[in-house]
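To keep things clear, I will list the structure first and then write my remarks on it.
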Amino acid sequence: MATTDLQFDKLASMPAQLADDPASTMLRALGDPVRLRLLRALPAEDAAELSVGELARHLEVSDTVVSQHLRVLSGLGLVGHRRSGRVAHYYVKAETLVAVRQMLAHELPGMFAVESRLSRLSARNQLIGKVVEVRRGEVSTEIGIDIGGQVVTAVITTGSADRMELRLGDVAAAVFKAHDVIVQK
């Protein structure tokens with residue numbers, strides 16, 4: 001089974017409230033500013049060390065607000081927790097977020113252009129972000145891509161930049177590769 005199929009299977013097994021219209025359900029859930037800040041503040045599963053109280057202090061909201069938002073995110077399968085005695089430590093379910101991103105790319109191709117292209121790239125080391133800098137030269141062009149607050153810069157030929165029609169604000173992926181050959185279809 002391909003990685004993409006596996007991720008869509010994970011999305012399909014999410015709770016029933018996604019059955020009617022998964023894209024609008026996800027966008028509604030992630031559209032709340034506190035909920036989005038909470039999702040960004042949560043660690044990965046292997047570093048699940050944040051309790052409701054710690055999250056509330058970090059976000060400067062009440063414990064009740066954090067609990068309500070965690071309940072929504074957990075109900076959508078985006079957040080998990082592990083118990084340590086009476087305290088629950090919360091984390092983001094990274095595989096589910098990838099599946100959500102791919103589902104949104106399929107449903108809203110204009111907003112998630114990189115994910116929605118018909119061609120597929122075999123490289124796994126892809127970081128998707130927004131183009132924040134394009135410095136053109138005669139031969140080469142520097143492309144800055146903001147990935148979660150950090151800018152990754154790639155130098156490509158100016159001809160490639162022209163063919164790709166890269167502009168500020170475009171969604172793009174920084175792909176890292178070693179000396180291996182990458183296959184694209």
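Ordering of the structure tokens sets the chain letters (A, B, ...), residue numbers begin anew at 1 in every chain, and ligands are numbered from 1 in the order given.
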Could the residues of region 12-64 of chain A that have an atom at most 10 Å from region 80-94 of chain A be listed as JSON lines, each with its closest atom pair and the distance in Å to one decimal, counting only C-alpha atoms and ordered by chain and ascending residue number?
```
{"residue": "A:Leu38", "atom": "CA", "partner": "A:Val92", "partner_atom": "CA", "distance": 9.9}
{"residue": "A:Leu39", "atom": "CA", "partner": "A:Val92", "partner_atom": "CA", "distance": 7.0}
{"residue": "A:Arg40", "atom": "CA", "partner": "A:Val92", "partner_atom": "CA", "distance": 8.7}
{"residue": "A:Ala41", "atom": "CA", "partner": "A:Tyr91", "partner_atom": "CA", "distance": 9.1}
{"residue": "A:Leu42", "atom": "CA", "partner": "A:Tyr91", "partner_atom": "CA", "distance": 5.3}
{"residue": "A:Pro43", "atom": "CA", "partner": "A:Tyr91", "partner_atom": "CA", "distance": 5.1}
{"residue": "A:Ala44", "atom": "CA", "partner": "A:Tyr91", "partner_atom": "CA", "distance": 5.4}
{"residue": "A:Glu45", "atom": "CA", "partner": "A:Tyr91", "partner_atom": "CA", "distance": 5.1}
{"residue": "A:Asp46", "atom": "CA", "partner": "A:Tyr91", "partner_atom": "CA", "distance": 8.3}
{"residue": "A:Ala47", "atom": "CA", "partner": "A:Tyr91", "partner_atom": "CA", "distance": 7.6}
{"residue": "A:Ala48", "atom": "CA", "partner": "A:Tyr91", "partner_atom": "CA", "distance": 5.2}
{"residue": "A:Glu49", "atom": "CA", "partner": "A:His89", "partner_atom": "CA", "distance": 5.3}
{"residue": "A:Leu50", "atom": "CA", "partner": "A:His89", "partner_atom": "CA", "distance": 5.1}
{"residue": "A:Ser51", "atom": "CA", "partner": "A:His89", "partner_atom": "CA", "distance": 4.7}
{"residue": "A:Val52", "atom": "CA", "partner": "A:His89", "partner_atom": "CA", "distance": 7.6}
{"residue": "A:Gly53", "atom": "CA", "partner": "A:Val87", "partner_atom": "CA", "distance": 9.8}
{"residue": "A:Glu54", "atom": "CA", "partner": "A:His89", "partner_atom": "CA", "distance": 9.7}
{"residue": "A:Leu55", "atom": "CA", "partner": "A:Tyr90", "partner_atom": "CA", "distance": 9.2}
```
Go ahead and write the selection's residues with N, CA and C atoms as a PDB file, in the first residue's frame.
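Saved the output as result.pdb:
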```pdb
ATOM      1  N   LEU A  38      -3.299  26.414  19.977  1.00  0.00           N
ATOM      2  CA  LEU A  38      -3.148  25.218  20.811  1.00  0.00           C
ATOM      3  C   LEU A  38      -2.512  24.091  20.013  1.00  0.00           C
ATOM      4  N   LEU A  39      -2.991  23.877  18.806  1.00  0.00           N
ATOM      5  CA  LEU A  39      -2.441  22.818  17.956  1.00  0.00           C
ATOM      6  C   LEU A  39      -0.958  23.067  17.675  1.00  0.00           C
ATOM      7  N   ARG A  40      -0.600  24.335  17.438  1.00  0.00           N
ATOM      8  CA  ARG A  40       0.802  24.682  17.184  1.00  0.00           C
ATOM      9  C   ARG A  40       1.676  24.485  18.425  1.00  0.00           C
ATOM     10  N   ALA A  41       1.098  24.662  19.608  1.00  0.00           N
ATOM     11  CA  ALA A  41       1.868  24.559  20.855  1.00  0.00           C
ATOM     12  C   ALA A  41       2.094  23.118  21.293  1.00  0.00           C
ATOM     13  N   LEU A  42       1.290  22.206  20.782  1.00  0.00           N
ATOM     14  CA  LEU A  42       1.400  20.815  21.220  1.00  0.00           C
ATOM     15  C   LEU A  42       2.635  20.140  20.637  1.00  0.00           C
ATOM     16  N   PRO A  43       3.298  19.313  21.442  1.00  0.00           N
ATOM     17  CA  PRO A  43       4.479  18.591  20.955  1.00  0.00           C
ATOM     18  C   PRO A  43       4.089  17.335  20.187  1.00  0.00           C
ATOM     19  N   ALA A  44       5.094  16.711  19.596  1.00  0.00           N
ATOM     20  CA  ALA A  44       4.908  15.406  18.945  1.00  0.00           C
ATOM     21  C   ALA A  44       4.671  14.354  20.027  1.00  0.00           C
ATOM     22  N   GLU A  45       4.191  13.196  19.619  1.00  0.00           N
ATOM     23  CA  GLU A  45       3.830  12.138  20.568  1.00  0.00           C
ATOM     24  C   GLU A  45       4.988  11.722  21.465  1.00  0.00           C
ATOM     25  N   ASP A  46       6.186  11.609  20.896  1.00  0.00           N
ATOM     26  CA  ASP A  46       7.326  11.151  21.694  1.00  0.00           C
ATOM     27  C   ASP A  46       7.774  12.183  22.728  1.00  0.00           C
ATOM     28  N   ALA A  47       7.241  13.410  22.648  1.00  0.00           N
ATOM     29  CA  ALA A  47       7.600  14.449  23.606  1.00  0.00           C
ATOM     30  C   ALA A  47       6.367  14.948  24.355  1.00  0.00           C
ATOM     31  N   ALA A  48       5.366  14.093  24.525  1.00  0.00           N
ATOM     32  CA  ALA A  48       4.093  14.484  25.141  1.00  0.00           C
ATOM     33  C   ALA A  48       4.294  14.798  26.617  1.00  0.00           C
ATOM     34  N   GLU A  49       4.619  16.044  26.911  1.00  0.00           N
ATOM     35  CA  GLU A  49       4.886  16.439  28.285  1.00  0.00           C
ATOM     36  C   GLU A  49       4.075  17.646  28.729  1.00  0.00           C
ATOM     37  N   LEU A  50       3.078  18.078  27.944  1.00  0.00           N
ATOM     38  CA  LEU A  50       2.304  19.264  28.289  1.00  0.00           C
ATOM     39  C   LEU A  50       0.922  18.884  28.813  1.00  0.00           C
ATOM     40  N   SER A  51       0.627  19.361  30.018  1.00  0.00           N
ATOM     41  CA  SER A  51      -0.688  19.133  30.611  1.00  0.00           C
ATOM     42  C   SER A  51      -1.601  20.300  30.253  1.00  0.00           C
ATOM     43  N   VAL A  52      -2.877  20.189  30.609  1.00  0.00           N
ATOM     44  CA  VAL A  52      -3.844  21.257  30.337  1.00  0.00           C
ATOM     45  C   VAL A  52      -3.397  22.553  31.009  1.00  0.00           C
ATOM     46  N   GLY A  53      -2.962  22.468  32.252  1.00  0.00           N
ATOM     47  CA  GLY A  53      -2.525  23.671  32.984  1.00  0.00           C
ATOM     48  C   GLY A  53      -1.341  24.355  32.317  1.00  0.00           C
ATOM     49  N   GLU A  54      -0.365  23.556  31.884  1.00  0.00           N
ATOM     50  CA  GLU A  54       0.805  24.132  31.209  1.00  0.00           C
ATOM     51  C   GLU A  54       0.413  24.773  29.885  1.00  0.00           C
ATOM     52  N   LEU A  55      -0.475  24.123  29.143  1.00  0.00           N
ATOM     53  CA  LEU A  55      -0.938  24.696  27.874  1.00  0.00           C
ATOM     54  C   LEU A  55      -1.706  25.997  28.119  1.00  0.00           C
TER      55      LEU A  55
END
```
Close residues, region 163-165 of chain A itself excluded, 12 Å, only C-alpha atoms, min 5 positions apart in chain, as a ChimeraX atom specification: /A:114,131,134,141,143,156-158,170-172
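Here the residues within region 17-46 of chain A that DSSP labels helix (DSSP H, G or I) on the basis of the backbone are Gln17, Leu18, Pro22, Ala23, Ser24, Thr25, Met26, Leu27, Arg28, Ala29, Leu30, Pro33, Val34, Arg35, Leu36, Arg37, Leu38, Leu39, Arg40, Ala41, Glu45 and Asp46 of chain A.
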Go ahead and dump the residues you just picked, C-alpha atoms, as a CSV table (one decimal), in the first residue's frame.
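Result written to selection_31.csv:
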```csv
chain,number,residue,atom,x,y,z
A,17,GLN,CA,-18.5,14.1,12.4
A,18,LEU,CA,-16.1,14.1,9.4
A,22,PRO,CA,-14.4,16.5,6.0
A,23,ALA,CA,-12.9,19.6,4.5
A,24,SER,CA,-15.4,22.0,6.0
A,25,THR,CA,-15.3,20.2,9.3
A,26,MET,CA,-11.5,20.5,9.4
A,27,LEU,CA,-11.5,24.1,8.3
A,28,ARG,CA,-14.1,25.0,10.9
A,29,ALA,CA,-12.1,23.3,13.6
A,30,LEU,CA,-8.8,24.8,12.6
A,33,PRO,CA,-7.6,31.2,16.6
A,34,VAL,CA,-7.2,29.7,20.1
A,35,ARG,CA,-7.6,26.1,18.8
A,36,LEU,CA,-5.0,26.8,16.1
A,37,ARG,CA,-2.5,28.3,18.6
A,38,LEU,CA,-3.1,25.2,20.8
A,39,LEU,CA,-2.4,22.8,18.0
A,40,ARG,CA,0.8,24.7,17.2
A,41,ALA,CA,1.9,24.6,20.9
A,45,GLU,CA,3.8,12.1,20.6
A,46,ASP,CA,7.3,11.2,21.7
```
d(CA of Asp21 (chain A), CA of Leu70 (chain A)) in Å: 21.0 Å
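What separates CA of Ala56 (chain A) from CA of His69 (chain A) is a distance of 10.9 Å.
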Length of the CA of Arg57 (chain A) to CA of Arg71 (chain A) vector [Å]: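 Atom-to-atom, CA of Arg57 (chain A) to CA of Arg71 (chain A), that is 17.9 Å.
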DSSP-assigned strand (DSSP E or B) members of region 8-180 of chain A, reported as JSON, numbers by chain: {"A": [44, 50, 79, 80, 81, 82, 83, 84, 87, 88, 89, 90, 91, 92, 121, 126, 127, 128, 129, 130, 131, 132, 133, 134, 135, 136, 140, 141, 142, 143, 144, 145, 146, 147, 150, 151, 152, 153, 154, 155, 156, 157, 171, 172, 173, 174, 175]}
Would you mind exporting C-alpha atoms of the selected residues as a PDB file, in the first residue's frame?
```pdb
ATOM      1  CA  ALA A  44       4.908  15.406  18.945  1.00  0.00           C
ATOM      2  CA  LEU A  50       2.304  19.264  28.289  1.00  0.00           C
ATOM      3  CA  VAL A  79      -4.698  15.203  19.216  1.00  0.00           C
ATOM      4  CA  GLY A  80      -3.929  12.307  21.516  1.00  0.00           C
ATOM      5  CA  HIS A  81      -2.919  12.006  25.137  1.00  0.00           C
ATOM      6  CA  ARG A  82      -1.131   9.696  27.495  1.00  0.00           C
ATOM      7  CA  ARG A  83      -1.871   9.484  31.195  1.00  0.00           C
ATOM      8  CA  SER A  84       0.641   9.719  33.980  1.00  0.00           C
ATOM      9  CA  VAL A  87      -2.500  14.007  34.682  1.00  0.00           C
ATOM     10  CA  ALA A  88      -2.953  13.703  30.922  1.00  0.00           C
ATOM     11  CA  HIS A  89      -0.147  14.856  28.637  1.00  0.00           C
ATOM     12  CA  TYR A  90      -1.296  15.925  25.166  1.00  0.00           C
ATOM     13  CA  TYR A  91       0.366  15.640  21.763  1.00  0.00           C
ATOM     14  CA  VAL A  92      -0.318  16.147  18.058  1.00  0.00           C
ATOM     15  CA  LEU A 121       7.753  13.209  -6.311  1.00  0.00           C
ATOM     16  CA  GLN A 126       9.732  17.647   1.697  1.00  0.00           C
ATOM     17  CA  LEU A 127       8.989  20.738   3.759  1.00  0.00           C
ATOM     18  CA  ILE A 128       5.992  22.692   2.534  1.00  0.00           C
ATOM     19  CA  GLY A 129       5.757  26.413   3.152  1.00  0.00           C
ATOM     20  CA  LYS A 130       5.177  29.810   1.588  1.00  0.00           C
ATOM     21  CA  VAL A 131       7.528  31.670  -0.770  1.00  0.00           C
ATOM     22  CA  VAL A 132       8.689  34.786   1.089  1.00  0.00           C
ATOM     23  CA  GLU A 133      11.654  35.815  -1.046  1.00  0.00           C
ATOM     24  CA  VAL A 134      12.581  35.665  -4.732  1.00  0.00           C
ATOM     25  CA  ARG A 135      15.985  37.197  -5.580  1.00  0.00           C
ATOM     26  CA  ARG A 136      16.558  36.914  -9.303  1.00  0.00           C
ATOM     27  CA  SER A 140      20.478  31.776 -10.676  1.00  0.00           C
ATOM     28  CA  THR A 141      17.581  32.785  -8.451  1.00  0.00           C
ATOM     29  CA  GLU A 142      17.342  32.459  -4.668  1.00  0.00           C
ATOM     30  CA  ILE A 143      13.981  31.261  -3.410  1.00  0.00           C
ATOM     31  CA  GLY A 144      13.186  31.709   0.302  1.00  0.00           C
ATOM     32  CA  ILE A 145      10.450  29.439   1.687  1.00  0.00           C
ATOM     33  CA  ASP A 146       9.022  30.081   5.156  1.00  0.00           C
ATOM     34  CA  ILE A 147       8.488  26.751   6.886  1.00  0.00           C
ATOM     35  CA  GLN A 150      12.127  29.492   9.591  1.00  0.00           C
ATOM     36  CA  VAL A 151      13.196  30.401   6.088  1.00  0.00           C
ATOM     37  CA  VAL A 152      14.858  27.773   3.908  1.00  0.00           C
ATOM     38  CA  THR A 153      16.672  29.211   0.887  1.00  0.00           C
ATOM     39  CA  ALA A 154      17.207  27.283  -2.333  1.00  0.00           C
ATOM     40  CA  VAL A 155      19.268  28.404  -5.294  1.00  0.00           C
ATOM     41  CA  ILE A 156      17.804  27.336  -8.636  1.00  0.00           C
ATOM     42  CA  THR A 157      18.442  28.415 -12.199  1.00  0.00           C
ATOM     43  CA  VAL A 171       2.836  27.519  -1.671  1.00  0.00           C
ATOM     44  CA  ALA A 172       6.017  25.582  -2.463  1.00  0.00           C
ATOM     45  CA  ALA A 173       8.022  22.665  -1.140  1.00  0.00           C
ATOM     46  CA  ALA A 174      11.686  22.572  -0.232  1.00  0.00           C
ATOM     47  CA  VAL A 175      12.850  19.074  -1.195  1.00  0.00           C
TER      48      VAL A 175
END
```
